[in-house]
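The structure appears right after this line, and notes come after that.
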Amino acid sequence: MKTMKKLNILVACGSGIATSTIAANEIEDVCKEYGITNYSISKCSMTEMLGMSKNADIVFTTNNYRGEIDSPLMNVTAFITGIGTDKLKQKIGEKLLELSN
Amino acid sequence: MNFSEYVNEKTIYLGLDVANVQELFQFVANDLEKHNFVLPGFFDYLVSRENNYPTGLKLDNYAVAIPHGDPKYIQKPFVAVITLNHSIKVRQMDDANTELDVKLLFLLGMNANSTHLDLLKEIISLIQQESFVKKIGAAKTKSEVIKVIRQEEKK
């Protein structure tokens with residue numbers, strides 16, 4: 001069996017406390033569903049995001065971010081509105097699998 | 001750890017008349033400070049936070065906003081339920097170029113100890129239910145708001 005690379009997942013929102021907590025919880029569920037076990041997940045505010053993204057394999061945000069970062073970036077506001085979450089979960093699951101292999 | 005534990009008559013604002021977000025935050029922050037829920041500085045933080053990272057949420061047939069402050073300004077955790085007589089423009093969380101017409105806001109006053117996942121989940125899931133949002137929007141009294149929230153919790 002191929003060993004999976006450890007994923008460093010970063011979840012950012014405006015304050016780093018509320019919507020990122022919700023989103024991080026959903027992303028953990030996705031990891032479980034897709035059999036991704038080797039990961040760490042951290043939360044931060046949007047202002048901390050740029051610095052912290054340097055050590056992240058992927059960054060999820062609930063706010064829109066117009067700047068450029070080196071890691072892949074995905075918007076996860078759907079976890080807050082509840083609209084289109086199934087599709088989003090699939091997109092996240094596939095992306096995480098791709099990154100961990 | 002229930003939503004209703006964070007809402008009381010002092011954190012419910014019904015039928016406010018304000019022209020914009022700034023005016024709303026000014027009024028509510030002042031009042032919350034008077035009742036020792038928040039510390040001075042809360043208003044400034046709310047305004048800058050909303051400018052940089054807006055909190056408007058577009059749901060199927062309606063929009064709400066969930067402004068929240070930095071935990072360091074929160075003295076006593078609360079959730080403020082705010083309804084407006086006339087809608088104001090709030091920019092959308094995931095698309096700051098889009099403005100939403102908002103008549104209902106949940107201002108989340110979380111401190112480090114109250115940012116529990118379960119509470120946040122409960123609030124978010126209620127906001128996603130149009131029937132709940134409609135009931136809150138139609139409430140005429142503060143006790144009605146509290147009743148609606150308690151009823152939803154029992155489900």
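In the structure tokens, each chain is lettered A, B, ... as it comes, each chain's residues begin at 1, and ligands are numbered from 1 in order of appearance.
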
Could you work out which residues of chain A fall inside 12 Å of chain B? Count only C-alpha atoms, and format the result as a ChimeraX atom specification. /A:12-26,45-47,60-66,74-84

### Task
Please run DSSP on the backbone and report, as a count of residues only, all residues within chain A that come out as strand (DSSP E or B).
21

| said: Give me, as an NGL selection string, all polymer residues having an atom no more than 12 Å from Ser100 of chain A, counting only C-alpha atoms and skipping those fewer than 3 positions away in the same chain. | reply: :A and (2-9 or 31 or 34-39 or 57-58 or 93-97)

- All helix (DSSP H, G or I) positions in segment 19-74 of chain A, as a VMD selection string: chain A and resid 19 to 33 46 to 55

* Record the distance separating atom CA of Asn36 of chain B and atom CA of Gln75 of chain B, expressed in Å with one decimal. =>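 Atom CA of Asn36 of chain B sits 6.5 Å away from atom CA of Gln75 of chain B.
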
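Among the candidate residues A:Leu99, A:Ile69, A:Ile27, A:Leu88, the one lying nearest to Ser53 of chain A is A:Ile69, with distances computed using only C-alpha atoms.
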
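The two atoms in question, atom CA of Phe27 of chain B and atom CA of Ile82 of chain B, are spaced 11.2 Å apart.
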
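Interatomic distance, atom CA of Thr11 of chain B to atom CA of Val11 of chain A: 29.7 Å.
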
Margin query: Can you pull out the residues contacting Asn8 of chain B? Cut-off 12 Å, using only C-alpha atoms, and skip same-chain residues under 5 positions away; I want them as a PyMOL selection string.
Written below: chain B and resi 3+13+32+35+37+77-81+141-147+149-150

**Study point:** Exercise: Asn30 of chain B partners within 10 Å, only C-alpha atoms, chain neighbours under 5 positions left out, as an MDAnalysis selection string
**Key:** chainID B and resid 24:25 35:36 38:40 42:43
